[in-house]
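Next comes start18.txt, with compact mmCIF, C-alpha atoms.
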```
# COMPACT_ATOMS: atom_id res chain seq x y z
CA MET A 1 105.15 155.76 -7.20
CA PRO A 2 102.72 154.05 -9.63
CA PHE A 3 100.27 153.72 -6.71
CA ILE A 4 100.49 157.48 -6.08
CA GLY A 5 99.66 158.20 -9.73
CA LEU A 6 96.78 155.75 -9.64
CA GLY A 7 95.47 157.36 -6.45
CA ILE A 8 95.48 160.81 -8.07
CA HIS A 9 93.56 159.47 -11.09
CA ILE A 10 90.92 158.01 -8.79
CA LEU A 11 90.63 161.22 -6.77
CA VAL A 12 90.14 163.24 -9.95
CA ALA A 13 87.54 160.75 -11.17
CA LEU A 14 85.80 160.96 -7.78
CA PHE A 15 85.72 164.77 -8.01
CA PHE A 16 84.06 164.61 -11.43
CA ALA A 17 81.69 161.87 -10.25
CA ILE A 18 80.47 164.13 -7.43
CA HIS A 19 80.07 166.95 -9.95
CA ALA A 20 78.07 164.64 -12.24
CA ILE A 21 75.73 163.62 -9.43
CA ARG A 22 75.16 167.19 -8.26
CA ARG A 23 74.49 168.38 -11.80
CA GLY A 24 72.11 165.52 -12.58
CA GLN A 25 74.23 164.05 -15.37
CA GLU A 26 73.41 160.65 -16.84
CA LEU A 27 74.57 157.68 -14.75
CA TYR A 28 76.73 156.32 -17.57
CA TRP A 29 79.24 159.07 -16.71
CA LEU A 30 79.86 157.33 -13.37
CA ILE A 31 80.55 154.05 -15.15
CA ILE A 32 82.98 155.77 -17.52
CA LEU A 33 84.73 157.66 -14.73
CA PHE A 34 85.32 154.63 -12.52
CA THR A 35 86.03 152.15 -15.32
CA PHE A 36 88.56 154.44 -17.03
CA PRO A 37 89.61 156.98 -14.35
CA LEU A 38 92.17 158.93 -16.37
CA LEU A 39 90.58 158.84 -19.83
CA GLY A 40 87.08 159.19 -18.38
CA SER A 41 88.11 162.25 -16.38
CA ILE A 42 89.63 163.89 -19.45
CA VAL A 43 86.49 163.23 -21.51
CA TYR A 44 84.19 164.47 -18.73
CA PHE A 45 86.30 167.61 -18.25
CA LEU A 46 86.13 168.50 -21.95
CA ALA A 47 82.51 167.44 -22.57
CA VAL A 48 80.76 168.57 -19.38
CA TYR A 49 82.87 170.40 -16.80
CA LEU A 50 84.67 172.95 -18.99
CA PRO A 51 81.55 174.16 -20.89
CA GLU A 52 79.88 174.95 -17.53
CA THR A 53 82.69 177.17 -16.25
CA ARG A 54 82.63 180.96 -16.43
CA LEU A 55 85.98 180.82 -18.26
CA GLU A 56 84.44 178.84 -21.10
CA ARG A 57 81.34 181.06 -21.18
CA GLY A 58 83.56 184.11 -21.15
CA ALA A 59 85.68 182.80 -24.03
CA ARG A 60 82.57 182.14 -26.12
CA LYS A 61 81.28 185.64 -25.35
CA THR A 62 84.61 187.16 -26.37
CA VAL A 63 84.70 185.29 -29.68
CA ALA A 64 81.07 186.24 -30.38
CA ALA A 65 81.75 189.88 -29.53
CA VAL A 66 84.69 190.02 -31.95
CA ALA A 67 82.58 188.48 -34.72
CA ARG A 68 79.75 190.95 -34.08
CA SER A 69 82.15 193.90 -34.13
CA LEU A 70 83.37 192.89 -37.59
CA ASP A 71 79.87 192.44 -39.02
CA PRO A 72 77.24 193.24 -36.37
CA THR A 73 74.18 192.23 -38.38
CA ARG A 74 75.51 189.23 -40.30
CA GLU A 75 74.07 186.47 -38.11
CA LEU A 76 70.72 188.21 -37.83
CA ARG A 77 70.52 188.68 -41.61
CA GLU A 78 71.42 185.07 -42.27
CA ALA A 79 69.09 183.74 -39.58
CA ARG A 80 66.16 185.81 -40.87
CA ALA A 81 66.83 184.76 -44.45
CA ALA A 82 67.02 181.09 -43.45
CA PHE A 83 63.71 181.29 -41.57
CA GLU A 84 61.97 183.13 -44.40
CA TYR A 85 63.22 180.51 -46.86
CA THR A 86 62.34 177.51 -44.66
CA ALA A 87 60.18 178.21 -41.62
CA THR A 88 61.33 175.24 -39.54
CA ALA A 89 61.48 175.19 -35.75
CA GLN A 90 65.28 175.00 -35.89
CA ASN A 91 65.49 178.09 -38.07
CA GLN A 92 63.09 179.96 -35.80
CA MET A 93 65.27 179.10 -32.79
CA ARG A 94 68.30 180.43 -34.65
CA LEU A 95 66.41 183.60 -35.52
CA ALA A 96 65.24 184.07 -31.93
CA LYS A 97 68.81 183.74 -30.65
CA ALA A 98 70.13 186.21 -33.24
CA LEU A 99 67.38 188.69 -32.35
CA LEU A 100 68.18 188.38 -28.64
CA GLU A 101 71.89 188.94 -29.20
CA SER A 102 71.25 191.90 -31.50
CA GLY A 103 69.05 193.64 -28.93
CA ALA A 104 65.69 193.11 -30.66
CA ILE A 105 64.33 191.81 -27.37
CA ASP A 106 60.57 191.98 -27.97
CA GLU A 107 60.81 190.16 -31.30
CA ALA A 108 63.18 187.60 -29.77
CA ALA A 109 60.72 186.89 -26.96
CA ASP A 110 57.87 186.43 -29.44
CA ASN A 111 59.92 184.01 -31.52
CA TYR A 112 61.00 181.98 -28.49
CA GLU A 113 57.39 181.75 -27.36
CA ALA A 114 56.47 180.52 -30.84
CA CYS A 115 59.21 177.87 -30.61
CA LEU A 116 57.60 176.58 -27.42
CA GLN A 117 54.35 175.91 -29.24
CA GLY A 118 55.96 173.36 -31.57
CA PRO A 119 58.03 170.19 -31.31
CA PHE A 120 60.50 171.82 -28.89
CA ALA A 121 57.84 172.76 -26.34
CA SER A 122 59.62 170.78 -23.61
CA ASP A 123 63.16 171.87 -24.48
CA PRO A 124 64.69 173.38 -21.29
CA GLU A 125 67.21 175.53 -23.19
CA ILE A 126 64.42 177.17 -25.21
CA LYS A 127 62.40 177.78 -22.03
CA PHE A 128 65.42 179.34 -20.37
CA LEU A 129 66.17 181.64 -23.31
CA ALA A 130 62.49 182.53 -23.66
CA ALA A 131 62.45 183.53 -19.99
CA ARG A 132 65.59 185.62 -20.46
CA ALA A 133 64.04 187.43 -23.43
CA LEU A 134 60.80 187.99 -21.53
CA LEU A 135 62.75 189.39 -18.60
CA GLU A 136 64.74 191.77 -20.78
CA SER A 137 61.53 192.93 -22.50
CA HIS A 138 60.10 193.69 -19.03
CA ARG A 139 57.42 191.01 -19.22
CA TYR A 140 58.34 189.94 -15.74
CA ALA A 141 55.23 187.92 -14.83
CA ASN A 142 55.58 185.88 -18.03
CA ALA A 143 59.28 185.33 -17.31
CA VAL A 144 58.46 184.10 -13.80
CA ALA A 145 55.87 181.69 -15.20
CA ARG A 146 58.37 180.24 -17.70
CA LEU A 147 61.08 179.83 -15.07
CA GLU A 148 58.76 178.20 -12.56
CA GLU A 149 57.66 175.81 -15.29
CA LEU A 150 61.31 175.07 -16.08
CA LEU A 151 62.12 174.41 -12.42
CA THR A 152 59.12 172.10 -12.09
CA GLN A 153 59.99 170.05 -15.16
CA ASN A 154 63.81 170.32 -15.29
CA ALA A 155 65.01 171.27 -11.80
CA LYS A 156 68.64 170.30 -12.54
CA PHE A 157 68.95 172.35 -15.74
CA LYS A 158 71.40 175.25 -15.25
CA PRO A 159 70.43 175.52 -11.56
CA GLU A 160 72.44 178.65 -10.74
CA GLN A 161 71.58 180.61 -13.87
CA THR A 162 67.90 179.67 -13.58
CA ALA A 163 67.78 180.72 -9.92
CA LEU A 164 69.41 184.08 -10.64
CA LEU A 165 67.11 184.76 -13.57
CA LEU A 166 64.10 183.86 -11.44
CA GLY A 167 65.26 186.22 -8.70
CA ARG A 168 65.54 189.07 -11.19
CA ALA A 169 62.13 188.27 -12.69
CA LEU A 170 60.46 188.16 -9.28
CA ALA A 171 62.01 191.51 -8.37
CA GLY A 172 60.84 193.01 -11.65
CA ALA A 173 57.33 191.72 -10.98
CA GLY A 174 57.33 193.51 -7.62
CA ARG A 175 57.62 190.31 -5.57
CA GLN A 176 60.60 191.58 -3.59
CA THR A 177 60.32 189.22 -0.61
CA GLU A 178 60.30 186.17 -2.90
CA ALA A 179 63.13 187.62 -4.98
CA LEU A 180 65.33 188.14 -1.91
CA ALA A 181 64.57 184.62 -0.66
CA THR A 182 65.39 183.10 -4.07
CA LEU A 183 68.66 184.99 -4.39
CA ASN A 184 69.66 184.32 -0.77
CA ASP A 185 69.19 180.62 -1.50
CA ALA A 186 71.31 180.96 -4.65
CA VAL A 187 74.13 182.57 -2.66
CA SER A 188 73.95 179.78 -0.08
CA ARG A 189 73.99 177.07 -2.75
CA PHE A 190 76.51 178.50 -5.22
CA GLY A 191 78.38 181.34 -3.50
CA SER A 192 79.52 182.84 -6.80
CA PHE A 193 80.28 186.51 -7.46
CA GLU A 194 77.31 186.62 -9.82
CA ALA A 195 74.91 185.29 -7.18
CA GLN A 196 76.17 187.76 -4.56
CA ALA A 197 75.96 190.65 -7.02
CA GLU A 198 72.38 189.80 -7.99
CA LEU A 199 71.39 189.60 -4.32
CA ALA A 200 73.07 192.95 -3.64
CA ILE A 201 71.22 194.56 -6.57
CA CYS A 202 67.92 193.17 -5.33
CA ALA A 203 68.66 194.28 -1.75
CA TYR A 204 69.49 197.83 -2.86
CA CYS A 205 66.24 198.02 -4.84
CA ALA A 206 64.22 196.56 -1.94
CA GLY A 207 65.70 199.00 0.55
CA ASP A 208 67.59 196.31 2.47
CA PHE A 209 70.74 198.41 2.63
CA ALA A 210 72.36 196.45 5.46
CA THR A 211 72.42 193.30 3.33
CA ALA A 212 73.44 195.25 0.22
CA GLU A 213 76.38 196.96 1.92
CA ARG A 214 77.61 193.75 3.52
CA LEU A 215 77.65 192.08 0.12
CA GLN A 216 79.13 195.18 -1.54
CA HIS A 217 82.17 194.98 0.76
CA ASP A 218 82.89 191.39 -0.31
CA LEU A 219 82.21 192.18 -3.97
CA ASP A 220 84.58 195.17 -3.93
CA GLN A 221 87.34 193.00 -2.48
CA ALA A 222 86.78 190.37 -5.17
CA MET A 223 86.84 192.96 -7.97
CA GLN A 224 90.18 194.33 -6.77
CA ARG A 225 91.77 191.02 -7.76
CA TRP A 226 90.20 190.85 -11.22
CA SER A 227 92.14 190.79 -14.46
CA LYS A 228 91.07 192.99 -17.36
CA HIS A 229 89.48 189.98 -19.05
CA THR A 230 87.39 189.20 -15.98
CA ARG A 231 86.28 192.84 -15.81
CA ASP A 232 85.21 192.72 -19.44
CA ILE A 233 83.21 189.51 -18.89
CA ASN A 234 81.36 191.00 -15.91
CA ALA A 235 81.02 194.56 -17.19
CA GLU A 236 77.23 194.49 -17.60
CA LEU A 237 76.67 192.90 -14.18
CA VAL A 238 78.92 195.50 -12.52
CA ARG A 239 77.11 198.29 -14.38
CA ARG A 240 73.78 197.07 -12.97
CA LEU A 241 75.31 196.75 -9.49
CA ASN A 242 76.65 200.31 -9.61
CA ALA A 243 73.30 201.64 -10.86
CA ALA A 244 71.48 199.93 -7.99
CA LYS A 245 74.01 201.25 -5.48
CA ALA A 246 73.59 204.78 -6.87
CA SER A 247 69.85 204.58 -6.26
CA LYS A 248 70.41 204.39 -2.48
CA PRO A 249 69.23 207.62 -0.79
CA VAL A 250 72.00 209.81 0.58
CA SER A 251 71.87 209.76 4.38
```

Structure re-expressed in structure tokens:
Amino acid sequence: MPFIGLGIHILVALFFAIHAIRRGQELYWLIILFTFPLLGSIVYFLAVYLPETRLERGARKTVAAVARSLDPTRELREARAAFEYTATAQNQMRLAKALLESGAIDEAADNYEACLQGPFASDPEIKFLAARALLESHRYANAVARLEELLTQNAKFKPEQTALLLGRALAGAGRQTEALATLNDAVSRFGSFEAQAELAICAYCAGDFATAERLQHDLDQAMQRWSKHTRDINAELVRRLNAAKASKPVS
């Protein structure tokens, strides 16, 4: 029996080691995982694996949404006041994030771009958020440029989210063939609902209705099994999917 328990610990550690390699984590995680299989696996799960899951992202979004509903402008007020009092790069990043979350997209994009001119010019998170703000402010070509720069310099940073954002930016810039290729690759690599939905949206908009309808069938089946919480997390993505589907000409 002790050997069975030990075997399970090693298998779990091996699973997380493969995850670490695929996600480009530091090599010291492999040493920790194989030196201390049980404790190392627990630490890796809490420090790396859990924060990457949609469940964790969804929980953070839910908490943030509740806080915003109680005082929608509090974080933006505090972030703006902090930046006006001390115009540091850190305070500007906080302001940019608050602007993005409050819907002030153009101002958020400008502030993120300003952050990339200072000491955090190589920060992949700032580049990613800058690209997201540029995309949402319909500056698609600029968003593509930021994402291509991010992929060149930090190819292992948020690979799925970066690929999906790039696909959307390419589509917005009118580069439909490249957008479809990028999103097809994302579906092949990650196979998530989000990747399939983004490809379906792009296919609808590009007039590739055969691909869109094939994906729509699988997406509809997946959504039938969703809980209310999962529906809430994906509400904006589903809204965009339905809008793209509605744009299909009636035959």

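Going from CA of Asn142 in chain A to CA of Leu95 in chain A covers 20.7 Å.
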
Between CA of Glu213 in chain A and CA of Gly172 in chain A, what is the distance, to one decimal in Å?
21.0 Å

Put a box with edges along x, y and z around all the listed atoms of range 99-118 of chain A, pad it by 5 Å on each side, then give me its centre and sizes in Å, one decimal, as JSON.
```
{"center_x": 63.1, "center_y": 183.5, "center_z": -29.7, "size_x": 27.5, "size_y": 30.3, "size_z": 15.4}
```

With distances taken over only C-alpha atoms, which residue among A:Ala130, A:Glu194, A:Ala87, A:Ala181 lies nearest Glu236 in chain A?
A:Glu194

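Using all atoms listed in the file, the nearest neighbour of Glu75 in chain A within the list A:Ala20, A:Glu101, A:Glu198, A:Asn184 is A:Glu101.
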
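Take the candidates A:Trp226, A:Phe209, A:Phe15, A:Tyr112 and check each one against Met93 in chain A using all atoms listed in the file; the shortest distance goes to A:Tyr112.
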
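Every protein or nucleic acid residue with an atom no more than 6 Å from Ala169 in chain A, counting all atoms listed in the file and leaving out same-chain residues fewer than 2 positions away, appears here: Tyr140, Val144, Leu166, Gly167, Ala171 and Gly172 of chain A.
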
May I have the residues at most 12 Å from (56.6, 177.7, -30.7) in the file's coordinates, counting all atoms listed in the file, as a PDB file with C-alpha atoms, in the coordinates of the input?
```pdb
ATOM      1  CA  ALA A  87      60.180 178.210 -41.620  1.00  0.00           C
ATOM      2  CA  THR A  88      61.330 175.240 -39.540  1.00  0.00           C
ATOM      3  CA  ALA A  89      61.480 175.190 -35.750  1.00  0.00           C
ATOM      4  CA  GLN A  90      65.280 175.000 -35.890  1.00  0.00           C
ATOM      5  CA  ASN A  91      65.490 178.090 -38.070  1.00  0.00           C
ATOM      6  CA  GLN A  92      63.090 179.960 -35.800  1.00  0.00           C
ATOM      7  CA  MET A  93      65.270 179.100 -32.790  1.00  0.00           C
ATOM      8  CA  ALA A  96      65.240 184.070 -31.930  1.00  0.00           C
ATOM      9  CA  ALA A 108      63.180 187.600 -29.770  1.00  0.00           C
ATOM     10  CA  ALA A 109      60.720 186.890 -26.960  1.00  0.00           C
ATOM     11  CA  ASP A 110      57.870 186.430 -29.440  1.00  0.00           C
ATOM     12  CA  ASN A 111      59.920 184.010 -31.520  1.00  0.00           C
ATOM     13  CA  TYR A 112      61.000 181.980 -28.490  1.00  0.00           C
ATOM     14  CA  GLU A 113      57.390 181.750 -27.360  1.00  0.00           C
ATOM     15  CA  ALA A 114      56.470 180.520 -30.840  1.00  0.00           C
ATOM     16  CA  CYS A 115      59.210 177.870 -30.610  1.00  0.00           C
ATOM     17  CA  LEU A 116      57.600 176.580 -27.420  1.00  0.00           C
ATOM     18  CA  GLN A 117      54.350 175.910 -29.240  1.00  0.00           C
ATOM     19  CA  GLY A 118      55.960 173.360 -31.570  1.00  0.00           C
ATOM     20  CA  PRO A 119      58.030 170.190 -31.310  1.00  0.00           C
ATOM     21  CA  PHE A 120      60.500 171.820 -28.890  1.00  0.00           C
ATOM     22  CA  ALA A 121      57.840 172.760 -26.340  1.00  0.00           C
ATOM     23  CA  SER A 122      59.620 170.780 -23.610  1.00  0.00           C
ATOM     24  CA  ASP A 123      63.160 171.870 -24.480  1.00  0.00           C
ATOM     25  CA  ILE A 126      64.420 177.170 -25.210  1.00  0.00           C
ATOM     26  CA  LYS A 127      62.400 177.780 -22.030  1.00  0.00           C
ATOM     27  CA  ALA A 130      62.490 182.530 -23.660  1.00  0.00           C
TER      28      ALA A 130
END
```

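Across the model, the gap from CA of Glu136 in chain A to CA of Glu148 in chain A is 17.0 Å.
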
Pick out the residues sitting within 7 Å of Ala244 in chain A, and hand them over as an MDAnalysis selection string; count all atoms listed in the file, and ignore anything fewer than 5 positions along from it in its own chain.
chainID A and resid 201 204:205

Test item: which residues lie within 7 Å of (70.7, 189.1, -3.3) counting all atoms listed in the file, as a ChimeraX atom specification
/A:180,183-184,195-203

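For the residues A:Ala179, A:Ile233, A:Ala155, A:Val238, ranking by smallest atom-to-atom distance to Arg22 in chain A using all atoms listed in the file places A:Ala155 first.
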
Name the residues in contact with range 25-37 of chain A at a cut-off of 8 Å, using all atoms listed in the file, excluding same-chain residues fewer than 3 positions from it; report them as an NGL selection string.
:A and (9-10 or 12-14 or 16-17 or 20-22 or 40-41 or 44)

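Of the listed residues (A:Asp220, A:Arg240, A:Arg214, A:Glu149), A:Arg240 comes nearest to Arg168 in chain A; the distances count all atoms listed in the file.
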